[in-house]
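S.K.: Input file: target_35.txt. Contents: compact mmCIF, C-alpha atoms and all ligand atoms.
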# COMPACT_ATOMS: atom_id res chain seq x y z
CA MET T 662 0.00 0.00 0.00
CA LYS T 663 1.45 3.33 -1.05
CA ARG T 664 1.25 5.95 1.67
CA ILE T 665 1.54 9.63 0.93
CA TYR T 666 2.07 11.99 3.85
CA ALA T 667 0.11 15.12 3.18
CA LYS T 668 -1.36 18.05 5.01
CA VAL T 669 -5.00 18.16 3.97
CA SER T 670 -7.76 20.31 5.35
CA VAL T 671 -10.71 17.92 5.37
CA LEU T 672 -11.18 14.21 5.58
CA HIS T 673 -13.68 13.00 8.11
CA ILE T 674 -17.40 13.28 8.12
CA LEU T 675 -18.84 12.32 11.45
CA GLY T 676 -22.29 11.11 12.43
CA PRO T 677 -25.67 12.41 11.37
CA ALA T 678 -24.64 16.08 11.52
CA PRO T 679 -21.58 15.97 9.26
CA LYS T 680 -18.58 17.95 10.41
CA PHE T 681 -15.27 18.54 8.71
CA HIS T 682 -12.16 18.60 10.84
CA ARG T 683 -8.78 20.08 10.21
CA TYR T 684 -5.92 17.64 10.59
CA GLY T 685 -2.19 18.06 10.63
CA TRP T 686 0.25 15.69 9.00
CA PHE T 687 -1.17 12.24 8.54
CA ALA T 688 -1.16 9.34 6.15
CA MET T 689 -3.53 9.49 3.23
CA GLN T 690 -3.97 6.08 1.66
CA HIS T 691 -3.94 6.43 -2.09
CA ASP T 692 -3.92 2.82 -3.23
CA HIS T 693 -7.60 3.07 -4.19
CA ILE T 694 -7.21 6.14 -6.41
CA SER T 695 -5.38 5.59 -9.63
CA PRO T 696 -6.03 8.17 -12.33
CA ASP T 697 -3.95 6.77 -15.20
CA ALA T 698 -0.66 8.20 -16.39
CA ASP T 699 -2.31 10.20 -19.17
CA ALA T 700 -4.52 12.03 -16.65
CA ARG T 701 -1.49 12.86 -14.52
CA THR T 702 0.31 14.28 -17.53
CA TYR T 703 -2.54 16.50 -18.57
CA HIS T 704 -5.03 17.30 -15.87
CA GLN T 705 -4.49 16.38 -12.26
CA PRO T 706 -7.85 16.21 -10.46
CA VAL T 707 -7.97 18.96 -7.84
CA MET T 708 -8.75 18.20 -4.16
CA LEU T 709 -9.56 14.62 -5.12
CA GLU T 710 -9.73 13.15 -1.62
CA GLU T 711 -11.73 16.10 -0.31
CA VAL T 712 -14.25 15.70 -3.16
CA LEU T 713 -14.63 11.94 -2.60
CA CYS T 714 -15.13 12.46 1.15
CA GLY T 715 -17.41 15.45 0.60
CA LEU T 716 -19.64 13.51 -1.80
CA ASP T 717 -19.53 10.57 0.62
CA VAL T 718 -18.97 8.22 -2.32
CA ARG T 719 -20.24 4.80 -1.39
CA GLU T 720 -20.81 1.33 -2.91
CA GLY T 721 -23.84 1.14 -5.18
CA GLY T 722 -24.32 4.93 -5.27
CA ASN T 723 -25.15 6.84 -8.46
CA TYR T 724 -23.13 10.00 -9.09
CA ILE T 725 -23.07 12.76 -11.69
CA ASP T 726 -19.91 14.57 -12.79
CA CYS T 727 -21.10 17.71 -14.61
CA THR T 728 -17.60 18.64 -15.79
CA LEU T 729 -15.83 15.44 -16.86
CA GLY T 730 -12.69 17.14 -18.25
CA ASP T 731 -10.08 14.39 -18.26
CA ALA T 732 -12.25 12.14 -16.05
CA GLY T 733 -9.85 12.30 -13.10
CA HIS T 734 -12.60 12.73 -10.50
CA ALA T 735 -15.01 10.50 -12.47
CA MET T 736 -12.57 7.60 -12.56
CA ALA T 737 -11.90 7.84 -8.84
CA ILE T 738 -15.65 7.88 -8.10
CA LEU T 739 -16.17 4.79 -10.30
CA GLU T 740 -13.31 3.02 -8.51
CA ARG T 741 -15.06 3.66 -5.19
CA ASN T 742 -18.74 3.17 -5.85
CA GLY T 743 -18.63 -0.59 -6.45
CA ASP T 744 -21.42 -1.56 -8.81
CA GLY T 745 -22.89 1.96 -8.72
CA ARG T 746 -23.02 4.17 -11.83
CA LEU T 747 -21.67 7.52 -12.96
CA LEU T 748 -23.14 9.97 -15.47
CA GLY T 749 -20.51 12.34 -16.88
CA LEU T 750 -21.20 15.48 -18.88
CA ASP T 751 -18.91 17.85 -20.67
CA ALA T 752 -19.71 20.67 -23.08
CA ASP T 753 -16.53 19.93 -25.03
CA PRO T 754 -16.94 17.07 -27.55
CA GLU T 755 -13.17 16.42 -27.51
CA ALA T 756 -13.31 15.92 -23.74
CA THR T 757 -16.25 13.51 -23.94
CA ALA T 758 -14.59 11.54 -26.77
CA THR T 759 -11.44 11.14 -24.66
CA CYS T 760 -13.47 10.24 -21.55
CA ARG T 761 -15.49 7.60 -23.40
CA GLN T 762 -12.21 5.77 -24.07
CA ARG T 763 -10.83 6.36 -20.61
CA LEU T 764 -13.98 5.11 -18.89
CA ALA T 765 -14.60 2.17 -21.28
CA ARG T 766 -13.24 -0.31 -18.73
CA PHE T 767 -16.20 0.47 -16.44
CA GLY T 768 -18.66 -0.75 -19.12
CA GLY T 769 -22.30 0.24 -18.56
CA ARG T 770 -21.48 1.75 -15.14
CA ALA T 771 -20.18 4.90 -16.90
CA VAL T 772 -22.47 6.98 -19.12
CA VAL T 773 -20.79 9.86 -20.99
CA VAL T 774 -22.85 12.62 -22.62
CA ASN T 775 -21.61 15.62 -24.60
CA ALA T 776 -23.84 18.31 -23.13
CA ASN T 777 -23.87 21.52 -21.19
CA PHE T 778 -24.72 21.16 -17.51
CA GLU T 779 -27.44 23.78 -17.91
CA ASP T 780 -29.38 20.76 -19.31
CA LEU T 781 -28.50 18.55 -16.35
CA GLU T 782 -32.08 17.77 -15.29
CA PRO T 783 -33.49 16.34 -18.58
CA ILE T 784 -30.25 14.43 -19.25
CA ALA T 785 -30.17 12.92 -15.77
CA GLN T 786 -33.85 11.96 -16.14
CA ALA T 787 -33.28 10.40 -19.57
CA HIS T 788 -30.43 8.21 -18.26
CA GLY T 789 -32.12 7.12 -15.03
CA PHE T 790 -29.94 9.20 -12.68
CA VAL T 791 -32.76 10.85 -10.72
CA PRO T 792 -32.55 10.73 -7.74
CA ALA T 793 -28.73 10.90 -7.67
CA ASP T 794 -26.52 10.41 -4.60
CA GLY T 795 -24.00 13.09 -5.52
CA VAL T 796 -23.32 15.82 -8.09
CA LEU T 797 -19.90 17.34 -8.81
CA PHE T 798 -18.98 20.58 -10.60
CA ASP T 799 -15.24 21.19 -11.16
CA LEU T 800 -15.57 24.47 -13.01
CA GLY T 801 -13.53 26.24 -15.66
CA LEU T 802 -11.24 24.59 -18.16
CA SER T 803 -8.91 21.59 -18.08
CA SER T 804 -5.16 21.62 -18.57
CA ARG T 805 -5.74 19.65 -21.78
CA GLN T 806 -7.93 22.46 -23.16
CA LEU T 807 -5.45 25.11 -22.05
CA ASP T 808 -2.64 23.27 -23.81
CA ALA T 809 -4.59 22.52 -27.01
CA GLU T 810 -3.57 24.61 -30.00
CA GLU T 811 -6.46 26.10 -31.99
CA ARG T 812 -8.73 26.35 -28.93
CA GLY T 813 -7.48 29.84 -28.11
CA PHE T 814 -7.41 29.61 -24.29
CA SER T 815 -3.70 30.33 -23.97
CA PHE T 816 -1.82 33.56 -24.60
CA ARG T 817 1.53 31.81 -24.77
CA ARG T 818 1.13 30.93 -28.47
CA ALA T 819 -0.39 32.71 -31.46
CA ASP T 820 -3.70 30.78 -31.47
CA PRO T 821 -7.00 31.90 -33.00
CA LEU T 822 -9.21 33.93 -30.64
CA ASP T 823 -11.75 31.17 -30.03
CA MET T 824 -12.20 30.03 -26.37
CA ARG T 825 -15.43 28.06 -26.96
CA PHE T 826 -15.91 24.91 -24.88
CA THR T 827 -18.31 23.74 -27.60
CA PRO T 828 -16.74 24.45 -31.02
CA SER T 829 -20.18 24.45 -32.70
CA ALA T 830 -21.48 27.27 -30.45
CA SER T 831 -21.95 30.58 -32.19
CA ALA T 832 -19.86 33.38 -30.63
CA THR T 833 -16.08 33.15 -30.38
CA ALA T 834 -13.75 35.42 -28.44
CA ALA T 835 -12.89 37.08 -31.78
CA ASP T 836 -16.59 37.93 -32.29
CA ILE T 837 -16.74 39.58 -28.86
CA VAL T 838 -13.45 41.44 -29.31
CA ASP T 839 -14.40 42.64 -32.81
CA THR T 840 -18.04 43.58 -32.33
CA SER T 841 -18.39 44.82 -28.73
CA SER T 842 -18.28 48.53 -28.01
CA GLU T 843 -15.46 49.84 -25.84
CA GLU T 844 -17.95 50.17 -22.93
CA GLU T 845 -19.21 46.60 -23.38
CA LEU T 846 -15.64 45.31 -23.41
CA ALA T 847 -14.82 47.25 -20.24
CA ASP T 848 -17.90 45.80 -18.52
CA ILE T 849 -16.93 42.25 -19.52
CA LEU T 850 -13.38 42.73 -18.20
CA TYR T 851 -14.60 44.28 -14.96
CA GLN T 852 -17.52 41.91 -14.27
CA PHE T 853 -15.99 38.60 -15.29
CA GLY T 854 -12.28 39.29 -14.83
CA GLU T 855 -12.47 41.74 -11.90
CA GLU T 856 -9.89 43.71 -13.87
CA PRO T 857 -9.31 47.05 -12.06
CA ARG T 858 -7.88 48.62 -15.22
CA SER T 859 -10.78 47.48 -17.40
CA ARG T 860 -11.47 50.85 -19.06
CA ARG T 861 -7.87 51.47 -20.02
CA ILE T 862 -7.48 47.94 -21.42
CA ALA T 863 -10.84 48.08 -23.29
CA ARG T 864 -9.78 51.36 -24.93
CA ALA T 865 -6.50 49.80 -26.10
CA ILE T 866 -8.26 46.68 -27.44
CA ALA T 867 -10.81 48.80 -29.35
CA ALA T 868 -8.00 50.88 -30.87
CA ALA T 869 -5.95 47.82 -31.88
CA ARG T 870 -8.79 46.00 -33.72
CA PRO T 871 -8.69 43.80 -35.73
CA ILE T 872 -6.60 41.60 -33.42
CA ALA T 873 -5.23 38.54 -35.18
CA ASN T 874 -4.59 36.04 -32.40
CA THR T 875 -4.26 35.34 -28.67
CA MET T 876 -0.62 36.44 -28.47
CA GLU T 877 -1.38 39.75 -30.13
CA LEU T 878 -4.28 40.37 -27.73
CA ALA T 879 -2.06 39.51 -24.75
CA GLU T 880 0.55 42.01 -25.94
CA VAL T 881 -2.06 44.78 -26.38
CA VAL T 882 -3.30 44.11 -22.83
CA ARG T 883 0.23 43.97 -21.40
CA ARG T 884 1.15 47.33 -22.89
CA ALA T 885 -2.13 49.00 -21.88
CA SER T 886 -2.30 47.61 -18.35
CA GLY T 887 0.97 49.05 -17.15
CA TYR T 888 1.40 46.03 -14.88
CA GLY T 889 4.99 45.09 -14.20
CA ARG T 890 6.45 41.61 -14.34
CA GLY T 891 4.68 39.50 -11.72
CA ARG T 892 3.91 35.86 -11.13
CA THR T 893 0.77 36.13 -13.26
CA HIS T 894 0.69 37.49 -16.81
CA PRO T 895 -1.01 40.92 -17.13
CA ALA T 896 -3.51 39.42 -19.62
CA THR T 897 -4.71 36.64 -17.28
CA ARG T 898 -7.83 38.51 -16.10
CA THR T 899 -8.73 39.63 -19.63
CA PHE T 900 -8.51 36.07 -20.96
CA GLN T 901 -10.57 34.74 -18.05
CA ALA T 902 -13.24 37.40 -18.65
CA LEU T 903 -13.50 36.69 -22.38
CA ARG T 904 -13.71 32.93 -21.78
CA ILE T 905 -16.53 33.43 -19.27
CA ALA T 906 -18.40 35.71 -21.68
CA VAL T 907 -17.94 33.36 -24.66
CA ASN T 908 -19.26 30.35 -22.74
CA ARG T 909 -21.91 32.24 -20.70
CA GLU T 910 -20.37 30.54 -17.69
CA MET T 911 -22.09 32.52 -14.92
CA GLU T 912 -25.67 32.05 -16.10
CA ARG T 913 -25.04 28.40 -16.91
CA LEU T 914 -23.62 27.86 -13.43
CA GLU T 915 -26.79 29.35 -11.89
CA ALA T 916 -28.88 27.00 -14.06
CA GLY T 917 -26.73 23.96 -13.19
CA LEU T 918 -26.93 24.63 -9.45
CA ALA T 919 -30.70 25.07 -9.57
CA SER T 920 -31.06 21.77 -11.50
CA THR T 921 -28.93 19.97 -8.93
CA GLY T 922 -31.61 20.64 -6.32
CA ARG T 923 -34.11 18.80 -8.51
CA VAL T 924 -31.81 15.91 -9.38
CA LEU T 925 -30.33 14.98 -6.00
CA ALA T 926 -31.90 12.50 -3.59
CA HIS T 927 -32.69 13.83 -0.10
CA GLY T 928 -29.42 13.44 1.77
CA GLY T 929 -27.50 13.49 -1.56
CA ARG T 930 -24.39 15.65 -1.76
CA MET T 931 -23.21 18.45 -4.03
CA ALA T 932 -19.52 19.46 -4.41
CA VAL T 933 -18.49 22.55 -6.36
CA ILE T 934 -14.90 23.60 -7.07
CA ALA T 935 -14.57 27.22 -8.25
CA TYR T 936 -11.37 28.87 -9.47
CA HIS T 937 -12.13 32.57 -9.21
CA SER T 938 -14.10 34.75 -6.84
CA GLY T 939 -16.96 35.58 -9.25
CA GLU T 940 -17.71 31.89 -9.70
CA ASP T 941 -17.36 31.12 -6.00
CA ARG T 942 -19.66 34.04 -5.11
CA ILE T 943 -22.45 32.51 -7.20
CA VAL T 944 -22.10 29.18 -5.38
CA LYS T 945 -21.90 30.88 -1.97
CA ARG T 946 -25.01 33.00 -2.59
CA PHE T 947 -26.93 30.03 -3.99
CA LEU T 948 -26.19 28.04 -0.83
CA GLU T 949 -27.09 31.00 1.41
CA ARG T 950 -30.46 31.34 -0.35
CA GLU T 951 -31.09 27.59 -0.13
CA GLN T 952 -29.81 27.12 3.43
CA GLY T 953 -32.25 24.92 5.36
CA MET T 954 -34.68 24.81 2.42
CA GLY T 955 -33.19 22.98 -0.58
CA PHE T 956 -29.68 22.47 0.80
CA ARG T 957 -27.66 22.43 3.99
CA ARG T 958 -24.01 23.55 3.87
CA LEU T 959 -21.62 20.89 5.16
CA THR T 960 -18.94 23.44 5.98
CA LYS T 961 -19.54 27.10 6.63
CA LYS T 962 -16.15 28.11 5.28
CA VAL T 963 -14.85 27.36 1.85
CA ILE T 964 -12.33 24.48 1.67
CA LYS T 965 -8.92 25.23 0.19
CA PRO T 966 -6.32 22.79 -1.14
CA SER T 967 -3.45 21.75 1.11
CA SER T 968 -0.10 23.44 0.69
CA VAL T 969 1.31 20.09 -0.43
CA GLU T 970 -1.22 19.88 -3.28
CA VAL T 971 -0.56 23.48 -4.33
CA ARG T 972 3.17 22.72 -4.45
CA GLN T 973 2.54 19.66 -6.61
CA ASN T 974 -0.13 21.22 -8.83
CA ARG T 975 0.00 24.99 -9.32
CA ARG T 976 -3.42 24.91 -10.98
CA ALA T 977 -4.92 23.98 -7.59
CA ARG T 978 -3.78 27.21 -5.93
CA SER T 979 -6.97 29.15 -6.64
CA ALA T 980 -9.40 26.23 -6.10
CA ARG T 981 -12.22 26.72 -3.59
CA LEU T 982 -14.48 23.79 -2.68
CA ARG T 983 -18.01 24.12 -1.28
CA LEU T 984 -20.05 21.14 -0.08
CA ALA T 985 -23.74 20.86 0.62
CA GLU T 986 -26.37 18.22 1.33
CA ARG T 987 -29.87 18.14 -0.14
CA VAL T 988 -32.41 18.38 2.68
C1 LIG T 1001 -11.57 21.74 -14.64
S1 LIG T 1001 -12.14 20.74 -15.95
C2 LIG T 1001 -12.70 19.31 -15.11
C3 LIG T 1001 -11.59 18.37 -14.78
C4 LIG T 1001 -12.05 17.04 -14.23
N1 LIG T 1001 -12.68 17.19 -12.94
C5 LIG T 1001 -10.90 16.08 -14.12
O1 LIG T 1001 -10.55 15.68 -13.00
O2 LIG T 1001 -10.32 15.70 -15.14
C6 LIG T 1001 -13.62 21.52 -16.40
C7 LIG T 1001 -14.37 20.88 -17.56
O3 LIG T 1001 -15.71 21.39 -17.51
C8 LIG T 1001 -16.17 21.60 -18.81
N2 LIG T 1001 -17.23 22.60 -18.71
C9 LIG T 1001 -17.12 23.90 -18.37
N3 LIG T 1001 -18.32 24.49 -18.36
C10 LIG T 1001 -19.23 23.53 -18.66
C11 LIG T 1001 -20.65 23.51 -18.78
N4 LIG T 1001 -21.39 24.62 -18.57
N5 LIG T 1001 -21.25 22.34 -19.08
C12 LIG T 1001 -20.52 21.20 -19.27
N6 LIG T 1001 -19.17 21.17 -19.19
C13 LIG T 1001 -18.53 22.32 -18.88
C14 LIG T 1001 -14.95 22.04 -19.59
O4 LIG T 1001 -15.12 21.75 -20.97
C15 LIG T 1001 -13.84 21.20 -18.94
O5 LIG T 1001 -13.61 20.03 -19.66
Show me the file's structure as structure tokens.
M.R.:
Amino acid sequence: MKRIYAKVSVLHILGPAPKFHRYGWFAMQHDHISPDADARTYHQPVMLEEVLCGLDVREGGNYIDCTLGDAGHAMAILERNGDGRLLGLDADPEATATCRQRLARFGGRAVVVNANFEDLEPIAQAHGFVPADGVLFDLGLSSRQLDAEERGFSFRRADPLDMRFTPSASATAADIVDTSSEEELADILYQFGEEPRSRRIARAIAAARPIANTMELAEVVRRASGYGRGRTHPATRTFQALRIAVNREMERLEAGLASTGRVLAHGGRMAVIAYHSGEDRIVKRFLEREQGMGFRRLTKKVIKPSSVEVRQNRRARSARLRLAERV
């Protein structure tokens, strides 16, 4: 049995009123979690043990992963839920094609659907997953998508300004950059990227149009922002904002959370990992509104990854996990 010594923030759920406890250094047994080598290369599942504990994954249970990505979480759930089933959705057809292969060894226990989680309820109904024992959202984009040329998520290469999770969807980042007014661009950067210099950057983008590719956009933003060399690239917030606008991520998240209330069994669990404050705020407010009615929060405070995980996987550094139980 391989033992990994790690400092993690949550592990135990106790008794009928679940509580999460902070522990120091202890042994986490990882022999039961084996995302394959390909998953490790591309997308390491974030806060895996915390998600499995939070969802209380058990034998025979039926779970839904709304954001399959590279199937890291999905595979671990299927390894734990015995003869139970998993329904996995992803808006990206490339992700679902990859996951179909990766989950083939689980046979009929894994159902993969290329769909947006705003349609969670009818899809879960159609595949016999209502009521479900747990629903997971691991938001944003996967490392595989970030690394893929042609998808336009990265400013480190000269890729087309695309950023769509679903390549058949209508508006691309280029459409937004080319056709939005300077004011609309500033609003997008401020609202979805929390960019304090949104007006200045929007003015520079409007003046530089047409912008040929992601690298050119990043350079326009870098020059306009006046930010010095830091750990994060000056265009990070702009790229995040455009991606959120292209994929209508905020409104779809609201829709997905609302559907979860209708899909989960009483006592079923929801786990949501957000990667920026705008996203996390939507989850937090949803749970505040639903507190004691549709859902009960399992932890009052947001759960953050351990320092060990952040050292091993830089992508995890901004992750924020919220857990709730359907009442
Ligand atoms: C962070 S990755 C998930 C990684 C996954 N948990 C793993 O361990 O491999 C997020 C995935 O969610 C998908 N996604 C984002 N928004 C979506 C939506 N509204 N509906 C369905 N899938 C979505 C993206 O295409 C991406 O593949």
S.K.: Could you please extract the residues within 6 Å of ligand LIG 1001 (chain T), counting all atoms listed in the file, and hand them back as a list in words?
M.R.: His704, Pro706, Cys727, Thr728, Leu729, Gly730, Asp731, Ala732, Gly733, His734, Leu750, Asp751, Ala752, Asp753, Ala756, Ala776, Asn777, Phe778, Asp799, Leu800, Gly801, Leu802, Ser803, Phe826 and Arg913 of chain T
S.K.: Using only C-alpha atoms, which residue out of T:Ala793, T:Arg812, T:Leu903, T:Gly889 lies closest to Ala847 (chain T)?
M.R.: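 Closest residue, counting only C-alpha atoms: T:Leu903.
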S.K.: I'd like to know which of T:Val718, T:Leu781, T:Ala977, T:Ile849 is closest to Tyr936 (chain T), using all atoms listed in the file.
M.R.: T:Ala977
S.K.: Kindly provide the residues of region 763-816 of chain T that approach region 867-884 of chain T to within 10 Å, each paired with its closest atom pair and their distance in Å to one decimal, based on only C-alpha atoms, listed by chain and increasing number, as a tab-separated table.
M.R.:
residue	atom	partner	partner_atom	distance
T:Gly813	CA	T:Thr875	CA	6.4
T:Phe814	CA	T:Thr875	CA	7.9
T:Ser815	CA	T:Thr875	CA	6.9
T:Phe816	CA	T:Met876	CA	5.0
S.K.: Fewer than 3 positions away in the same chain doesn't count, so skip those; otherwise give me all residues within 12 Å of Glu843 (chain T), counting all atoms listed in the file, as a compact mmCIF listing (two decimals) with C-alpha atoms, in the coordinates of the input.
M.R.:
# COMPACT_ATOMS: atom_id res chain seq x y z
CA ILE T 837 -16.74 39.58 -28.86
CA VAL T 838 -13.45 41.44 -29.31
CA ASP T 839 -14.40 42.64 -32.81
CA THR T 840 -18.04 43.58 -32.33
CA LEU T 846 -15.64 45.31 -23.41
CA ALA T 847 -14.82 47.25 -20.24
CA ASP T 848 -17.90 45.80 -18.52
CA ILE T 849 -16.93 42.25 -19.52
CA LEU T 850 -13.38 42.73 -18.20
CA SER T 859 -10.78 47.48 -17.40
CA ARG T 860 -11.47 50.85 -19.06
CA ARG T 861 -7.87 51.47 -20.02
CA ILE T 862 -7.48 47.94 -21.42
CA ALA T 863 -10.84 48.08 -23.29
CA ARG T 864 -9.78 51.36 -24.93
CA ALA T 865 -6.50 49.80 -26.10
CA ILE T 866 -8.26 46.68 -27.44
CA ALA T 867 -10.81 48.80 -29.35
CA ALA T 868 -8.00 50.88 -30.87
CA ALA T 869 -5.95 47.82 -31.88
CA ARG T 870 -8.79 46.00 -33.72
